[in-house]
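*Asks:* Structure incoming, see below.
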Amino acid sequence: MPKDLSHADKASQIMARRAEEEGIDLVWDRYEAMQPQCGFGTLGLCCRICSMGPCRIDPFGEGPQTGVCGANADTIAARHIARMIAGGVAAHSDHGRDVAHTLLLASAPGSGDYSIKDTDKLAKIASLYGIKTDKRELRDIGRDLALAVLDEFGRQNGTLVMAKTAPPTRYAIWEKNGLLPRSIDREVVETMHRTTMGVDTDYKSIIRQGMRVSLADGWGGSMIATEIQDVLFGRPDPLRSKANLGVLEAGSVNLVVHGHEPVLSDIIAAVASGSAITEYARTKGADRVNVVGICCTANEILMRKGVPVAGSFLQQELAIMTGAVDLMVVDVQCIMPGLAKTAECFHTKIVSTSKKARFPGVEHIEFSEERAVQIAESIVRKAIDNYTNRKSAKVSIPDVREDIVAGFTPESVYGILGGKYRATYRPLVDAVASGRLRGAAGVIGCSNPNVPYEEAHIAMVKELIKNDTLVVTTGCNAITCGKHGLLKPEAAYEFAGKGLQEVCAATGIPPVLHLGSCVDNSRILRVLANIVSEGGIGKDLSELPVAGAAPEWMSEKAVAIGFYFVASGVYTMIGKPLNVTGSPNLYRYLTEEIEQETGGKWAFEEDPVLAARKMLRHIDGKRKALKLKPMMYAQAFPEGE
Amino acid sequence: MKKDTTKKIYFDSEKCLGCHSCELACAVEHSAAKRLLTAHLEEQTPVQRRNVFPVSGSAALTVSCRHCQPAQCMDACISGAMSRKDGYVQCDTTKCVGCRMCVMVCPFDAIKTGTVYVIKCDMCPDRDDFSCVHACPTKALFALTAEEYAAFAGDRKTPVRGGAL
């Protein structure tokens, strides 16, 4: 199973074969060497929280049923999963904090390298925070907003401002169940406190705090990151670009930006296209500097600047395998520590930039927002200088790339559906109500070498759109869909059901909408909230005919995202289960009982087509409860199956 | 590939970290679906045929049937259930009456009492290899033929790491 790349895009297959021929270890080889992986950890029955342990619960009942402290399988599995959520929330939210800090700098007197690009959004978000916008300087509004947002992180009481923008029915559910996040940092700290030795023991109580901290991500840190990035770097609008390793250019300096935050990469993309830099590149024999992205950094600058995407999480080493990457600049999150070793086999230079992330043997050029352009320029020049070290005999760029349309937002969807003068979600709601569309699904998340690369992503998305379900996507699923040609409007005619085809034909959208990076999952929450306020197909998020999925999840961030969707009332499907199956009580709570509290629940299904059908069945259940019309066209997926 | 039944399972105590992975894998192999994620939920809780014991210091010892020759359990069996097939000591569960004589005579405590018949290592008849050996993350458990083990152990005069378990 591990090194099965038969479902992956052609470029990945070619590069993985090259690595095998040259004896270079990739993530799949390391995964294979790691087998067998520990069954106790897989089941969530291993506890390392205190040094009376490590403890393990025997799932078969013969060995110990409690840890040294007396914690049983339920407590141990719940504590572990809550800490995973806190880890994911911390990652997204710290990203949001940095962006808010950048807004503060951009608003300071004496202009720096950043400015406020989207004044509409600035006014909209500022008014959410109760900041006056009338007849005031942009800078003053920006500063007040930045300070108000930064205050959300460390505040002691109250409720996160963005969480108050959820539909009233949803807010009431959170209030009733004690899930309203007070601030961001406090919820992370409280989760760590509750799950340390000898504090919270009730698995349901632990998971409820897990949901509360996850909401501080979805309706907090991530939403802040998304909205403030739109203010600073501009709100995305749908645009055309290309995806896959074939976007690397043999005759150009290839600079790959990898990681998550657009704060540096946006500047690099701007600097690299300047005439002085192009001139300098020509003196070294290159045509130009070609900036391309990997992971969510790619999504961020793709949707705002149209910068091509070189690949997803599992392609970071494969990009280096082309021998054509002159410099890869990394910041935070999803950067494989193995990257430096792969780079040693080629001329590729890796440069780390974040205060928070250093890599042994990797050159570190510390990024600071105060000197952004200067630092970006020195990195780009370094890439150009390294171009001369490239050995043409070692260069092998697969001639594989796919056209994509990316950069949809809750705001641009208004315009696309309703037109400029009567922007509305009404046509979308009507299409669902009349049975032309079954509903919508968010398919997101990582890639993981524990399943055949890209099989689950693609099989699930195709099954959904074949059954007239509009798919919205972010993160590495978005990149995967792009590489497999699903982000083109034409894809509707090849893969979508008749109803979805009609919607795509009328509006010109692809059947799968690229909504951005992993913090942009907050955009999906926003779309759902907008649909509720449009009215007609449900008064709460949990009544909507929608579902979420992360078929190849890997990161703690995916766990946090999954929980904020469940806590927001969404049926959330993942492939390999969360590490909780060793506790039947916790498993039952997450996959059944939790629905009584939040209206959402978890589902685990490793077969991607069956998983998609379970999502479709869930959507059908919601349609039935809303008494919507029967589906307009005969379905490939039989309703009674 | 058919299983090489001349292989026995050996153990290097210096490599064992006491992780219990061999126990877990053994129970999963003897479940109905042979699937880690659901094995503990099956109606008939699967039983592991291998146990990890602590020994002096922080060392651990993993013990299962050594398929002795001669085997005291075979001599003690009153129903003829315990016999040697393909070199391995096997319990024919259709013949076993659950008298537990074998449990009492086993010098290694490697036979467990079931509700009807006794339960012991069957050397994974459904696999080409052995689930406990496959699961061992440090290769403290390994499978070799007698000849291979002799070569591995080398000159008998030098101290030998490991022994058959």
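If you're wondering about the labels, chains in the structure tokens are A, B, ... by order shown, residues count from 1 in each chain, ligands from 1 in order shown.
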At a cut-off of 12 Å, list the chain A residues touching chain B, using only C-alpha atoms, as a VMD selection string.

*Replies:* chain A and resid 33 to 46 54 to 64 576 to 585 587 to 588 604 to 606

*Asks:* Excluding Ala71 of chain B and its own-chain neighbours fewer than 6 positions away, which residues fall within 12 Å of it when counting only C-alpha atoms? Please give them as a PyMOL selection string.

*Replies:* chain B and resi 65+77+82-84+87-90+102+105-108

*Asks:* Taking the chain letters and numbering used in this document, name the residues of segment 51-298 of chain A that DSSP puts in strand (DSSP E or B), as a PyMOL selection string.

*Replies:* chain A and resi 55-56+66+72+239-243+253-258+289-294

*Asks:* As a PyMOL selection string, which residues of segment 471-615 of chain A does DSSP assign to helix (DSSP H, G or I)?

*Replies:* chain A and resi 475-483+491-495+498-507+521-534+541-543+556-567+584-598+608-615

*Asks:* Figure out the distance between atom CA of Val451 of chain A and atom CA of Ala547 of chain A, please, to one decimal in Å.

*Replies:*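 Distance between the two atoms: 21.8 Å.
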
*Asks:* Find the distance between atom CA of Arg212 of chain A and atom CA of Ala172 of chain A and write it in Å to one decimal.

*Replies:*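 If I compute the distance from atom CA of Arg212 of chain A to atom CA of Ala172 of chain A, I get 13.8 Å.
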
*Asks:* Write out as a ChimeraX atom specification each polymer residue whose atoms come within 6 Å of segment 471-482 of chain A, counting only C-alpha atoms; drop sequence neighbours fewer than 2 positions from it.

*Replies:* /A:296,312,404,440-446,484-487,512-518

*Asks:* Once you have the residues from the selection above, write them out as a PDB file, in the first residue's frame, restricted to N, CA, C and O atoms.

*Replies:*
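Written out: again-v9.pdb:
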```
ATOM      1  N   CYS A 296       0.204  25.331   1.344  1.00  0.00           N
ATOM      2  CA  CYS A 296      -0.784  26.418   1.432  1.00  0.00           C
ATOM      3  C   CYS A 296      -0.222  27.784   1.069  1.00  0.00           C
ATOM      4  O   CYS A 296      -0.965  28.668   0.650  1.00  0.00           O
ATOM      5  N   SER A 312       1.595  19.677  -4.038  1.00  0.00           N
ATOM      6  CA  SER A 312       0.995  19.582  -2.715  1.00  0.00           C
ATOM      7  C   SER A 312       2.025  19.077  -1.703  1.00  0.00           C
ATOM      8  O   SER A 312       3.187  18.864  -2.034  1.00  0.00           O
ATOM      9  N   ILE A 404      -5.967  25.462 -14.254  1.00  0.00           N
ATOM     10  CA  ILE A 404      -6.881  25.539 -13.114  1.00  0.00           C
ATOM     11  C   ILE A 404      -7.539  26.911 -13.041  1.00  0.00           C
ATOM     12  O   ILE A 404      -7.014  27.894 -13.561  1.00  0.00           O
ATOM     13  N   ALA A 440     -24.007  20.527  -1.182  1.00  0.00           N
ATOM     14  CA  ALA A 440     -22.594  20.877  -1.345  1.00  0.00           C
ATOM     15  C   ALA A 440     -21.748  20.096  -0.365  1.00  0.00           C
ATOM     16  O   ALA A 440     -22.222  19.684   0.692  1.00  0.00           O
ATOM     17  N   ALA A 441     -20.496  19.892  -0.737  1.00  0.00           N
ATOM     18  CA  ALA A 441     -19.568  19.197   0.151  1.00  0.00           C
ATOM     19  C   ALA A 441     -18.245  19.930   0.151  1.00  0.00           C
ATOM     20  O   ALA A 441     -17.770  20.371  -0.891  1.00  0.00           O
ATOM     21  N   GLY A 442     -17.656  20.072   1.336  1.00  0.00           N
ATOM     22  CA  GLY A 442     -16.305  20.624   1.450  1.00  0.00           C
ATOM     23  C   GLY A 442     -15.334  19.467   1.547  1.00  0.00           C
ATOM     24  O   GLY A 442     -15.406  18.685   2.487  1.00  0.00           O
ATOM     25  N   VAL A 443     -14.467  19.315   0.554  1.00  0.00           N
ATOM     26  CA  VAL A 443     -13.454  18.257   0.628  1.00  0.00           C
ATOM     27  C   VAL A 443     -12.102  18.939   0.733  1.00  0.00           C
ATOM     28  O   VAL A 443     -11.721  19.734  -0.131  1.00  0.00           O
ATOM     29  N   ILE A 444     -11.411  18.657   1.804  1.00  0.00           N
ATOM     30  CA  ILE A 444     -10.229  19.443   2.129  1.00  0.00           C
ATOM     31  C   ILE A 444      -9.105  18.524   2.611  1.00  0.00           C
ATOM     32  O   ILE A 444      -9.212  17.326   2.592  1.00  0.00           O
ATOM     33  N   GLY A 445      -8.048  19.117   3.078  1.00  0.00           N
ATOM     34  CA  GLY A 445      -7.079  18.394   3.889  1.00  0.00           C
ATOM     35  C   GLY A 445      -5.864  17.882   3.166  1.00  0.00           C
ATOM     36  O   GLY A 445      -5.682  18.053   1.966  1.00  0.00           O
ATOM     37  N   CYS A 446      -5.060  17.241   3.970  1.00  0.00           N
ATOM     38  CA  CYS A 446      -3.687  16.869   3.652  1.00  0.00           C
ATOM     39  C   CYS A 446      -3.595  15.729   2.644  1.00  0.00           C
ATOM     40  O   CYS A 446      -4.587  15.246   2.125  1.00  0.00           O
ATOM     41  N   HIS A 484      -5.460  17.141 -11.232  1.00  0.00           N
ATOM     42  CA  HIS A 484      -6.238  16.121 -11.937  1.00  0.00           C
ATOM     43  C   HIS A 484      -7.347  16.729 -12.800  1.00  0.00           C
ATOM     44  O   HIS A 484      -8.277  16.038 -13.198  1.00  0.00           O
ATOM     45  N   GLY A 485      -7.237  18.027 -13.067  1.00  0.00           N
ATOM     46  CA  GLY A 485      -8.130  18.654 -14.046  1.00  0.00           C
ATOM     47  C   GLY A 485      -9.546  18.913 -13.568  1.00  0.00           C
ATOM     48  O   GLY A 485     -10.442  19.146 -14.377  1.00  0.00           O
ATOM     49  N   LEU A 486      -9.770  18.905 -12.241  1.00  0.00           N
ATOM     50  CA  LEU A 486     -11.140  19.088 -11.750  1.00  0.00           C
ATOM     51  C   LEU A 486     -11.474  20.547 -11.454  1.00  0.00           C
ATOM     52  O   LEU A 486     -12.609  20.878 -11.147  1.00  0.00           O
ATOM     53  N   LEU A 487     -10.456  21.429 -11.532  1.00  0.00           N
ATOM     54  CA  LEU A 487     -10.713  22.844 -11.237  1.00  0.00           C
ATOM     55  C   LEU A 487     -10.945  23.658 -12.512  1.00  0.00           C
ATOM     56  O   LEU A 487     -10.862  24.878 -12.497  1.00  0.00           O
ATOM     57  N   VAL A 512     -15.786  22.023  -9.076  1.00  0.00           N
ATOM     58  CA  VAL A 512     -15.047  22.000  -7.812  1.00  0.00           C
ATOM     59  C   VAL A 512     -14.454  23.400  -7.630  1.00  0.00           C
ATOM     60  O   VAL A 512     -13.697  23.868  -8.480  1.00  0.00           O
ATOM     61  N   LEU A 513     -14.819  24.068  -6.544  1.00  0.00           N
ATOM     62  CA  LEU A 513     -14.398  25.465  -6.337  1.00  0.00           C
ATOM     63  C   LEU A 513     -13.225  25.544  -5.370  1.00  0.00           C
ATOM     64  O   LEU A 513     -13.320  25.084  -4.234  1.00  0.00           O
ATOM     65  N   HIS A 514     -12.140  26.155  -5.829  1.00  0.00           N
ATOM     66  CA  HIS A 514     -10.933  26.341  -5.019  1.00  0.00           C
ATOM     67  C   HIS A 514     -11.133  27.557  -4.116  1.00  0.00           C
ATOM     68  O   HIS A 514     -11.194  28.687  -4.594  1.00  0.00           O
ATOM     69  N   LEU A 515     -11.223  27.321  -2.795  1.00  0.00           N
ATOM     70  CA  LEU A 515     -11.480  28.418  -1.864  1.00  0.00           C
ATOM     71  C   LEU A 515     -10.240  28.860  -1.098  1.00  0.00           C
ATOM     72  O   LEU A 515     -10.331  29.731  -0.240  1.00  0.00           O
ATOM     73  N   GLY A 516      -9.083  28.218  -1.389  1.00  0.00           N
ATOM     74  CA  GLY A 516      -7.874  28.742  -0.772  1.00  0.00           C
ATOM     75  C   GLY A 516      -7.088  27.761   0.068  1.00  0.00           C
ATOM     76  O   GLY A 516      -7.073  26.572  -0.191  1.00  0.00           O
ATOM     77  N   SER A 517      -6.429  28.304   1.088  1.00  0.00           N
ATOM     78  CA  SER A 517      -5.493  27.544   1.911  1.00  0.00           C
ATOM     79  C   SER A 517      -6.242  26.906   3.085  1.00  0.00           C
ATOM     80  O   SER A 517      -7.460  26.980   3.172  1.00  0.00           O
ATOM     81  N   CYS A 518      -5.480  26.302   4.026  1.00  0.00           N
ATOM     82  CA  CYS A 518      -6.193  25.627   5.120  1.00  0.00           C
ATOM     83  C   CYS A 518      -6.777  26.595   6.133  1.00  0.00           C
ATOM     84  O   CYS A 518      -7.769  26.277   6.769  1.00  0.00           O
TER      85      CYS A 518
END
```

*Asks:* Give me the residues within 9 Å of Arg66 of chain B as a list of chain:residue names, counting only C-alpha atoms and dropping any in the same chain fewer than 3 places off.

*Replies:*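 Skipping anything fewer than 3 positions along the chain leaves B:Lys8, B:Ile9, B:Val63, B:Gln69, B:Tyr88, B:Val89, B:Phe108, B:Ala110, B:Cys121, B:Ala164, B:Leu165.
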